[in-house]
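*Asks:* run-v4.txt is reproduced below (compact mmCIF, C-alpha atoms and all ligand atoms).
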# COMPACT_ATOMS: atom_id res chain seq x y z
CA MET T 188 21.67 -7.30 -66.21
CA THR T 189 22.61 -6.96 -62.56
CA ALA T 190 19.69 -7.61 -60.19
CA HIS T 191 19.42 -5.39 -57.13
CA PHE T 192 18.64 -6.46 -53.57
CA GLY T 193 19.06 -4.58 -50.31
CA LEU T 194 18.33 -3.98 -46.67
CA ILE T 195 16.32 -1.16 -45.11
CA GLY T 196 16.44 -0.34 -41.41
CA GLN T 197 18.02 1.98 -38.90
CA PRO T 198 20.84 1.53 -38.11
CA VAL T 199 22.17 -0.77 -40.83
CA ALA T 200 25.86 0.11 -40.63
CA GLY T 201 27.94 -2.96 -39.85
CA SER T 202 25.23 -5.37 -41.06
CA LYS T 203 26.63 -8.71 -42.16
CA SER T 204 23.74 -9.31 -44.57
CA PRO T 205 25.74 -8.18 -47.67
CA TRP T 206 28.46 -10.68 -46.74
CA VAL T 207 25.92 -13.55 -46.71
CA HIS T 208 24.02 -12.58 -49.85
CA GLU T 209 27.15 -11.87 -51.89
CA GLN T 210 28.44 -15.34 -50.96
CA VAL T 211 25.20 -16.89 -52.28
CA PHE T 212 25.35 -14.82 -55.49
CA LYS T 213 28.90 -16.12 -56.04
CA GLN T 214 28.00 -19.71 -55.19
CA ALA T 215 24.91 -19.76 -57.40
CA GLY T 216 26.39 -17.67 -60.25
CA ILE T 217 23.79 -14.91 -59.86
CA GLU T 218 24.64 -11.47 -61.21
CA ALA T 219 23.34 -9.30 -58.40
CA ASP T 220 24.26 -6.79 -55.74
CA TYR T 221 23.06 -6.14 -52.18
CA CYS T 222 23.20 -2.71 -50.51
CA CYS T 223 22.21 -1.42 -47.06
CA PHE T 224 20.04 1.69 -46.75
CA ASN T 225 19.58 3.65 -43.55
CA VAL T 226 15.97 4.88 -43.70
CA GLU T 227 14.27 7.45 -41.46
CA ALA T 228 10.85 6.42 -40.15
CA THR T 229 9.19 9.33 -41.96
CA SER T 230 10.69 8.15 -45.28
CA LEU T 231 9.80 4.46 -45.03
CA GLU T 232 6.94 4.56 -47.56
CA SER T 233 8.85 6.66 -50.10
CA ALA T 234 11.97 4.50 -49.67
CA VAL T 235 9.93 1.37 -50.45
CA LYS T 236 8.33 3.04 -53.49
CA GLY T 237 11.83 4.08 -54.57
CA LEU T 238 13.11 0.51 -54.44
CA VAL T 239 10.18 -0.62 -56.62
CA ALA T 240 10.74 2.26 -59.06
CA LEU T 241 14.45 1.41 -59.30
CA GLY T 242 13.63 -2.16 -60.26
CA PHE T 243 14.82 -3.93 -57.09
CA LYS T 244 13.85 -7.62 -57.07
CA GLY T 245 13.61 -7.81 -53.29
CA PHE T 246 14.78 -6.43 -50.00
CA ASN T 247 15.18 -7.28 -46.34
CA VAL T 248 13.67 -5.25 -43.54
CA THR T 249 15.34 -4.93 -40.16
CA VAL T 250 14.89 -3.08 -36.89
CA PRO T 251 12.75 -1.04 -36.37
CA TYR T 252 10.53 -1.57 -39.45
CA LYS T 253 9.61 -5.26 -39.36
CA GLU T 254 6.09 -4.42 -38.20
CA ALA T 255 5.75 -0.98 -39.82
CA ILE T 256 6.34 -2.48 -43.29
CA LEU T 257 3.18 -4.60 -43.23
CA PRO T 258 0.64 -1.97 -44.38
CA LEU T 259 2.93 -1.08 -47.31
CA LEU T 260 2.77 -4.59 -48.78
CA ASP T 261 0.32 -6.06 -51.32
CA GLU T 262 0.42 -9.52 -49.75
CA VAL T 263 1.84 -11.11 -46.59
CA SER T 264 2.62 -14.83 -46.16
CA PRO T 265 0.43 -16.61 -43.61
CA GLN T 266 3.44 -17.19 -41.32
CA ALA T 267 4.52 -13.53 -41.38
CA LYS T 268 0.92 -12.51 -40.70
CA VAL T 269 0.79 -14.72 -37.62
CA LEU T 270 4.16 -13.46 -36.36
CA GLY T 271 3.13 -9.87 -37.12
CA ALA T 272 6.52 -9.13 -38.67
CA VAL T 273 8.13 -9.20 -42.12
CA ASN T 274 11.88 -9.32 -42.75
CA THR T 275 11.91 -10.31 -46.44
CA VAL T 276 10.02 -8.70 -49.31
CA ASN T 277 9.85 -10.11 -52.82
CA ILE T 278 9.00 -7.70 -55.64
CA CYS T 279 7.37 -9.32 -58.64
CA ASP T 280 5.75 -7.23 -61.40
CA GLY T 281 5.61 -4.30 -58.97
CA ARG T 282 3.77 -6.35 -56.34
CA LEU T 283 5.29 -6.50 -52.86
CA VAL T 284 4.97 -9.81 -51.04
CA GLY T 285 6.23 -10.07 -47.44
CA TYR T 286 7.69 -13.12 -45.68
CA ASN T 287 9.21 -13.84 -42.31
CA THR T 288 12.36 -15.90 -42.70
CA ASP T 289 13.58 -15.03 -39.16
CA GLY T 290 11.15 -17.49 -37.59
CA LEU T 291 11.88 -20.31 -40.05
CA GLY T 292 15.60 -19.51 -39.84
CA LEU T 293 15.58 -19.80 -36.08
CA GLU T 294 13.70 -23.07 -36.30
CA ALA T 295 16.22 -24.46 -38.80
CA VAL T 296 19.21 -23.47 -36.62
CA LEU T 297 17.68 -24.86 -33.43
CA SER T 298 16.66 -28.10 -35.11
CA ARG T 299 20.16 -28.56 -36.52
CA HIS T 300 21.71 -28.18 -33.06
CA LEU T 301 19.05 -29.70 -30.83
CA GLY T 302 16.85 -31.98 -32.96
CA ALA T 303 13.11 -31.89 -32.28
CA LEU T 304 11.87 -28.65 -30.71
CA ALA T 305 8.74 -30.11 -29.10
CA PRO T 306 10.41 -31.30 -25.86
CA LEU T 307 12.16 -27.97 -25.22
CA ARG T 308 11.51 -25.74 -22.22
CA VAL T 309 12.66 -22.32 -23.37
CA LEU T 310 13.51 -19.09 -21.55
CA VAL T 311 13.53 -16.01 -23.80
CA LEU T 312 15.31 -12.87 -22.60
CA GLY T 313 13.74 -9.70 -24.01
CA ALA T 314 10.30 -8.62 -25.17
CA GLY T 315 11.01 -6.37 -28.17
CA GLY T 316 10.48 -6.90 -31.89
CA ALA T 317 13.04 -9.68 -32.14
CA ALA T 318 11.57 -11.50 -29.13
CA SER T 319 8.11 -11.26 -30.61
CA GLY T 320 9.08 -13.06 -33.84
CA ILE T 321 11.21 -15.62 -32.00
CA CYS T 322 8.55 -16.45 -29.40
CA GLY T 323 5.94 -16.72 -32.15
CA ALA T 324 8.14 -19.13 -34.10
CA LEU T 325 8.84 -21.20 -30.97
CA LEU T 326 5.13 -21.48 -30.21
CA LEU T 327 4.30 -22.40 -33.81
CA ALA T 328 7.03 -25.07 -33.58
CA GLY T 329 5.21 -26.41 -30.50
CA VAL T 330 7.88 -26.08 -27.80
CA LYS T 331 6.96 -27.70 -24.48
CA SER T 332 7.03 -24.44 -22.51
CA LEU T 333 7.98 -20.82 -22.94
CA ALA T 334 9.05 -18.32 -20.28
CA ILE T 335 9.86 -14.67 -20.92
CA HIS T 336 12.03 -12.31 -18.89
CA ASN T 337 12.44 -8.65 -19.72
CA ARG T 338 13.97 -5.60 -18.03
CA SER T 339 10.60 -3.88 -18.22
CA THR T 340 8.00 -6.32 -16.91
CA GLU T 341 5.13 -4.39 -18.48
CA ARG T 342 6.49 -5.00 -21.96
CA ALA T 343 6.90 -8.71 -21.22
CA LYS T 344 3.28 -8.87 -20.03
CA ALA T 345 2.10 -7.16 -23.22
CA LEU T 346 4.06 -9.65 -25.35
CA ILE T 347 2.65 -12.60 -23.41
CA ALA T 348 -0.88 -11.28 -23.94
CA ARG T 349 -0.27 -10.98 -27.71
CA LEU T 350 1.26 -14.46 -27.89
CA GLY T 351 -1.76 -15.87 -26.10
CA ASP T 352 -3.73 -15.26 -29.33
CA LEU T 353 -1.29 -17.56 -31.15
CA SER T 354 -1.25 -20.57 -28.91
CA ASP T 355 -2.95 -22.17 -25.96
CA ALA T 356 0.44 -22.98 -24.41
CA LEU T 357 1.06 -21.58 -20.97
CA ILE T 358 3.59 -18.75 -21.26
CA ASP T 359 5.30 -17.78 -18.01
CA LEU T 360 6.52 -14.39 -16.97
CA VAL T 361 9.83 -14.54 -15.11
CA GLU T 362 10.55 -11.46 -13.04
CA GLU T 363 13.44 -12.05 -10.62
CA ASP T 364 13.54 -15.72 -9.65
CA PHE T 365 15.05 -17.79 -12.45
CA THR T 366 15.03 -20.91 -10.27
CA GLN T 367 11.22 -21.17 -10.50
CA GLY T 368 11.56 -22.91 -13.87
CA HIS T 369 13.79 -25.52 -15.47
CA TYR T 370 15.04 -24.68 -18.95
CA ASP T 371 16.68 -26.62 -21.77
CA LEU T 372 17.38 -23.52 -23.82
CA ILE T 373 17.93 -19.81 -23.11
CA ILE T 374 17.71 -17.38 -26.04
CA ASN T 375 18.94 -13.81 -25.68
CA THR T 376 16.92 -11.51 -27.94
CA THR T 377 17.97 -8.27 -26.22
CA SER T 378 20.69 -6.00 -27.50
CA VAL T 379 22.69 -6.46 -24.28
CA GLY T 380 26.25 -7.52 -25.14
CA MET T 381 26.23 -5.93 -28.58
CA ALA T 382 29.28 -3.86 -29.55
CA PRO T 383 30.24 -1.28 -28.36
CA ASP T 384 28.68 -2.45 -25.05
CA ASP T 385 30.25 -5.86 -25.44
CA ASP T 386 31.43 -6.13 -21.82
CA LYS T 387 27.84 -6.77 -20.66
CA ARG T 388 25.65 -9.86 -20.57
CA PRO T 389 21.87 -10.08 -20.13
CA ILE T 390 21.91 -12.76 -17.41
CA ASP T 391 24.37 -14.47 -15.06
CA LEU T 392 24.46 -18.14 -16.05
CA ASP T 393 25.80 -19.09 -12.61
CA LEU T 394 22.10 -19.04 -11.66
CA PHE T 395 21.75 -22.34 -13.52
CA ASP T 396 23.40 -25.40 -12.03
CA TYR T 397 22.24 -27.87 -14.67
CA PRO T 398 23.32 -28.23 -18.32
CA LEU T 399 21.47 -26.24 -20.94
CA THR T 400 21.91 -24.61 -24.35
CA VAL T 401 22.50 -20.88 -24.69
CA CYS T 402 21.70 -19.06 -27.91
CA ASP T 403 22.50 -15.38 -28.46
CA ILE T 404 21.03 -13.48 -31.40
CA VAL T 405 23.69 -10.78 -30.96
CA TYR T 406 26.37 -11.45 -33.59
CA LYS T 407 28.64 -8.44 -33.05
CA PRO T 408 30.98 -9.46 -31.42
CA HIS T 409 30.91 -13.03 -32.71
CA GLU T 410 31.49 -14.38 -29.21
CA THR T 411 29.47 -12.35 -26.71
CA GLN T 412 30.09 -12.30 -22.95
CA LEU T 413 27.03 -14.52 -22.58
CA ILE T 414 28.38 -17.12 -25.00
CA GLN T 415 31.80 -16.96 -23.32
CA GLN T 416 30.27 -17.62 -19.91
CA ALA T 417 28.15 -20.47 -21.32
CA LYS T 418 31.21 -22.09 -22.90
CA GLY T 419 33.14 -21.67 -19.62
CA LYS T 420 30.38 -23.60 -17.86
CA GLY T 421 30.46 -26.36 -20.46
CA PHE T 422 27.03 -25.44 -21.88
CA LYS T 423 26.16 -25.97 -25.51
CA VAL T 424 26.15 -22.66 -27.43
CA ILE T 425 24.52 -21.34 -30.61
CA TYR T 426 26.01 -18.20 -32.17
CA GLY T 427 23.87 -15.30 -33.44
CA ILE T 428 25.58 -15.33 -36.82
CA GLU T 429 24.01 -18.71 -37.57
CA MET T 430 20.53 -17.21 -37.41
CA LEU T 431 21.55 -14.27 -39.56
CA ILE T 432 22.93 -16.67 -42.17
CA GLU T 433 19.86 -18.94 -42.09
CA GLN T 434 17.27 -16.17 -42.57
CA ALA T 435 19.34 -14.81 -45.47
CA LEU T 436 19.56 -18.23 -47.16
CA LEU T 437 15.79 -18.61 -46.88
CA ALA T 438 15.38 -15.15 -48.46
CA GLU T 439 17.59 -16.30 -51.35
CA ALA T 440 15.35 -19.33 -51.86
CA ILE T 441 12.42 -16.90 -52.24
CA TRP T 442 14.09 -14.22 -54.37
CA ASN T 443 16.30 -16.30 -56.64
CA GLU T 444 14.97 -19.84 -56.17
CA VAL T 445 18.50 -20.92 -55.21
CA PRO T 446 18.48 -24.73 -54.86
CA GLN T 447 19.01 -26.23 -51.41
CA GLN T 448 22.33 -27.80 -52.40
CA GLN T 449 23.83 -24.40 -53.26
CA LEU T 450 22.39 -22.85 -50.10
CA ASP T 451 24.01 -25.63 -48.06
CA ALA T 452 27.34 -25.02 -49.79
CA ALA T 453 27.09 -21.27 -49.14
CA ARG T 454 26.34 -21.92 -45.44
CA GLN T 455 29.35 -24.19 -45.22
CA ASP T 456 31.61 -21.57 -46.80
CA LEU T 457 30.31 -18.78 -44.58
CA LEU T 458 30.75 -20.80 -41.39
CA SER T 459 34.26 -21.85 -42.35
CA GLN T 460 35.17 -18.21 -43.12
CA LEU T 461 34.14 -17.42 -39.54
CA GLU T 462 36.25 -20.22 -38.13
CA THR T 463 39.35 -19.01 -39.93
CA ALA T 464 38.69 -15.28 -39.24
P1 LIG J 1 14.43 -5.44 -31.26
O1 LIG J 1 13.44 -5.16 -32.35
O2 LIG J 1 15.83 -5.64 -31.79
O3 LIG J 1 14.00 -6.54 -30.35
P2 LIG J 1 13.60 -3.50 -29.33
O4 LIG J 1 12.19 -3.72 -29.73
O5 LIG J 1 14.07 -2.11 -29.08
O6 LIG J 1 14.58 -4.07 -30.42
O7 LIG J 1 13.90 -4.41 -28.01
C1 LIG J 1 15.12 -4.41 -27.36
C2 LIG J 1 15.07 -5.43 -26.22
O8 LIG J 1 16.32 -5.37 -25.52
C3 LIG J 1 14.01 -5.14 -25.17
O9 LIG J 1 13.60 -6.36 -24.59
C4 LIG J 1 14.79 -4.29 -24.15
O10 LIG J 1 14.24 -4.28 -22.85
P3 LIG J 1 13.12 -3.18 -22.45
O11 LIG J 1 11.83 -3.65 -23.06
O12 LIG J 1 13.09 -3.21 -20.96
O13 LIG J 1 13.58 -1.87 -23.01
C5 LIG J 1 16.10 -5.02 -24.16
N1 LIG J 1 17.20 -4.17 -23.68
C6 LIG J 1 17.81 -3.20 -24.34
N2 LIG J 1 18.80 -2.65 -23.58
C7 LIG J 1 18.78 -3.31 -22.39
C8 LIG J 1 19.55 -3.23 -21.18
N3 LIG J 1 20.54 -2.36 -21.05
N4 LIG J 1 19.26 -4.09 -20.18
C9 LIG J 1 18.26 -5.00 -20.30
N5 LIG J 1 17.50 -5.13 -21.42
C10 LIG J 1 17.75 -4.29 -22.45
Will you turn the file into structure tokens for me?
Ligand code: ATR

*Replies:*
Amino acid sequence: MTAHFGLIGQPVAGSKSPWVHEQVFKQAGIEADYCCFNVEATSLESAVKGLVALGFKGFNVTVPYKEAILPLLDEVSPQAKVLGAVNTVNICDGRLVGYNTDGLGLEAVLSRHLGALAPLRVLVLGAGGAASGICGALLLAGVKSLAIHNRSTERAKALIARLGDLSDALIDLVEEDFTQGHYDLIINTTSVGMAPDDDKRPIDLDLFDYPLTVCDIVYKPHETQLIQQAKGKGFKVIYGIEMLIEQALLAEAIWNEVPQQQLDAARQDLLSQLETA
């Protein structure tokens, strides 16, 4: 019998999650489907109950429900609890168990590109839901320092205060002067540069006259203005699609216990599809 998986959020149109999960189903010989559901905030609880009633085995949660989903779950993994956000829910005998594979996915992608995370001095752009999970994961991974810049300074201050409960690390607020710090890695967690506003970038990299790595979580378009500028300057780049793929593979390990070897093969196939696209 076909197993059902899906994504709830708003908006979900254009999500690449079905592309990733369907590739894993094919690779691992799993008879399953994956659908995206646009859910209104007022219908979140009934939508979740509906998925359980329809026999779904699991689902992903995206913007803006990664925090709102928590009270609807029977159990939350320790990591998701610390990050305050859930993006993957496993349904087993009607029980809903929440996980955060965004944080672990980010860690896996960064480690693959940069090796150990402990020596990294990181600048995060943005202070929304995505930034919150990413900063939490970076602190749990023990990065050397973390600085946060956001359009609205108040929101950045609120995030820094929340993160202070997670770690004793000093977290800097960067308002205007990016030269006050020295960074090994810049991560864009804002939506700036996302289609249809793909002619914009969240920061001018000409402010940095030393080599660093630039990572953009925006994956539509594949190559954002930020990534283009970074490549033009000879900086190392990490594409947003890699994080999307990684969190989905980790969800598959939870839902379907797909072995690592098959997940690695699926990742390889997905990345090579992008190269030839
Ligand atoms: P998500 O859950 O995807 O992080 P969010 O919580 O709405 O979504 O956060 C969006 C982030 O992108 C915020 O950091 C937001 O900055 P503000 O807190 O100042 O709103 C940032 N952002 C969105 N549009 C922006 C723009 N045009 N310029 C700069 N930052 C922007």

*Asks:* Work out how far CA of Met381 in chain T is from CA of Val248 in chain T, in Å to one decimal.

*Replies:*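 Separation of CA of Val248 in chain T and CA of Met381 in chain T: 19.5 Å.
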
*Asks:* Kindly work out which residues sit at most 10 Å from ligand LIG 1 (chain J), using all atoms listed in the file, and give the list as number ranges by chain.

*Replies:* T: 249-254, 311-321, 335-343, 375-381, 384, 387-390, 404-405

*Asks:* Limited to C-alpha atoms, could you put the picked residues into a file as a JSON list (two decimals), in the coordinates of the input?

*Replies:*
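The resulting again.json:
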[["chain", "number", "residue", "atom", "x", "y", "z"],
["T", 249, "THR", "CA", 15.34, -4.93, -40.16],
["T", 250, "VAL", "CA", 14.89, -3.08, -36.89],
["T", 251, "PRO", "CA", 12.75, -1.04, -36.37],
["T", 252, "TYR", "CA", 10.53, -1.57, -39.45],
["T", 253, "LYS", "CA", 9.61, -5.26, -39.36],
["T", 254, "GLU", "CA", 6.09, -4.42, -38.20],
["T", 311, "VAL", "CA", 13.53, -16.01, -23.80],
["T", 312, "LEU", "CA", 15.31, -12.87, -22.60],
["T", 313, "GLY", "CA", 13.74, -9.70, -24.01],
["T", 314, "ALA", "CA", 10.30, -8.62, -25.17],
["T", 315, "GLY", "CA", 11.01, -6.37, -28.17],
["T", 316, "GLY", "CA", 10.48, -6.90, -31.89],
["T", 317, "ALA", "CA", 13.04, -9.68, -32.14],
["T", 318, "ALA", "CA", 11.57, -11.50, -29.13],
["T", 319, "SER", "CA", 8.11, -11.26, -30.61],
["T", 320, "GLY", "CA", 9.08, -13.06, -33.84],
["T", 321, "ILE", "CA", 11.21, -15.62, -32.00],
["T", 335, "ILE", "CA", 9.86, -14.67, -20.92],
["T", 336, "HIS", "CA", 12.03, -12.31, -18.89],
["T", 337, "ASN", "CA", 12.44, -8.65, -19.72],
["T", 338, "ARG", "CA", 13.97, -5.60, -18.03],
["T", 339, "SER", "CA", 10.60, -3.88, -18.22],
["T", 340, "THR", "CA", 8.00, -6.32, -16.91],
["T", 341, "GLU", "CA", 5.13, -4.39, -18.48],
["T", 342, "ARG", "CA", 6.49, -5.00, -21.96],
["T", 343, "ALA", "CA", 6.90, -8.71, -21.22],
["T", 375, "ASN", "CA", 18.94, -13.81, -25.68],
["T", 376, "THR", "CA", 16.92, -11.51, -27.94],
["T", 377, "THR", "CA", 17.97, -8.27, -26.22],
["T", 378, "SER", "CA", 20.69, -6.00, -27.50],
["T", 379, "VAL", "CA", 22.69, -6.46, -24.28],
["T", 380, "GLY", "CA", 26.25, -7.52, -25.14],
["T", 381, "MET", "CA", 26.23, -5.93, -28.58],
["T", 384, "ASP", "CA", 28.68, -2.45, -25.05],
["T", 387, "LYS", "CA", 27.84, -6.77, -20.66],
["T", 388, "ARG", "CA", 25.65, -9.86, -20.57],
["T", 389, "PRO", "CA", 21.87, -10.08, -20.13],
["T", 390, "ILE", "CA", 21.91, -12.76, -17.41],
["T", 404, "ILE", "CA", 21.03, -13.48, -31.40],
["T", 405, "VAL", "CA", 23.69, -10.78, -30.96]]

*Asks:* Any idea what the distance is between CA of Arg308 in chain T and CA of Asp385 in chain T?

*Replies:*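 CA of Asp385 in chain T lies at a distance of 27.5 Å from CA of Arg308 in chain T.
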
*Asks:* What is the distance, in Å and to one decimal place, between CA of Leu259 in chain T and CA of Val207 in chain T?

*Replies:*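 About the pair CA of Leu259 in chain T and CA of Val207 in chain T: they are 26.2 Å apart.
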
*Asks:* So that I can check the surroundings of Phe243 in chain T, please list as a list in words every protein, DNA and RNA residue that reaches within 7 Å of it, counting only C-alpha atoms and ignoring chain neighbours fewer than 3 positions away.

*Replies:*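 In the requested format, the answer is Ala190, His191, Phe192, Leu238 and Val239 of chain T.
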
*Asks:* Quick one: everything within 9 Å of Thr189 in chain T, counting all atoms listed in the file, minus sequence neighbours fewer than 3 positions away in the same chain. Send it as a PyMOL selection string.

*Replies:* chain T and resi 217-220

*Asks:* Find the residues near Pro265 in chain T: any atom within 10 Å, counting all atoms listed in the file, skip ones fewer than 6 places away on the same chain, and give them as an NGL selection string.

*Replies:* :T and (271 or 285-287)

*Asks:* I need the residue nearest Thr288 in chain T from this list: T:Gln448, T:Gln416, T:Gln434, T:Gln460. Use all atoms listed in the file for the distance.

*Replies:*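 Checking each candidate against Thr288 in chain T, we get T:Gln434 as the closest.
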
*Asks:* Please provide as a ChimeraX atom specification all residues within 7 Å of Leu194 in chain T, with the sequence filter that same-chain residues fewer than 3 positions apart are discarded (counting all atoms listed in the file).

*Replies:* /T:222-224,246-248

*Asks:* Kindly save the residues from that selection, with C-alpha atoms included, as a PDB file, keeping the file's coordinate frame.

*Replies:*
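Saved result, again.pdb, follows:
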ATOM      1  CA  CYS T 222      23.200  -2.710 -50.510  1.00  0.00           C
ATOM      2  CA  CYS T 223      22.210  -1.420 -47.060  1.00  0.00           C
ATOM      3  CA  PHE T 224      20.040   1.690 -46.750  1.00  0.00           C
ATOM      4  CA  PHE T 246      14.780  -6.430 -50.000  1.00  0.00           C
ATOM      5  CA  ASN T 247      15.180  -7.280 -46.340  1.00  0.00           C
ATOM      6  CA  VAL T 248      13.670  -5.250 -43.540  1.00  0.00           C
TER       7      VAL T 248
END

*Asks:* Given the choices T:Leu461, T:Val309, T:Ile373, T:Leu327, which gets closest to Leu353 in chain T if the distance is worked out from all atoms listed in the file?

*Replies:* T:Leu327

*Asks:* Given only C-alpha atoms as the basis, pick out the residue of T:Val276, T:Leu350, T:Asp261, T:Ile432 nearest to Asp451 in chain T.

*Replies:*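 Closest to Asp451 in chain T of all the choices is T:Ile432.
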
*Asks:* Considering all atoms listed in the file, return as a ChimeraX atom specification whatever protein or nucleic-acid residues lie within 6 Å of Val199 in chain T, sequence-local ones (same chain, fewer than 3 positions apart) excluded.

*Replies:* /T:196,202,225

*Asks:* Taking only C-alpha atoms into account, which of T:Leu372, T:Ala215, T:Ile278, T:Ala382 comes nearest Gly245 in chain T?

*Replies:*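 Closest residue, counting only C-alpha atoms: T:Ile278.
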
*Asks:* Identify which of the residues T:Leu326, T:Ala303, T:Ile414, T:Ala255 lies closest to Gly351 in chain T, counting only C-alpha atoms when measuring atom-to-atom distances.

*Replies:*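 Of the candidates, the smallest distance to Gly351 in chain T is held by T:Leu326.
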
*Asks:* Rank nothing, just name the residue among T:Leu436, T:Val263, T:Ile374, T:Ala328 nearest to Leu283 in chain T, using only C-alpha atoms.

*Replies:*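 Using only C-alpha atoms, Leu283 in chain T sits closest to T:Val263.
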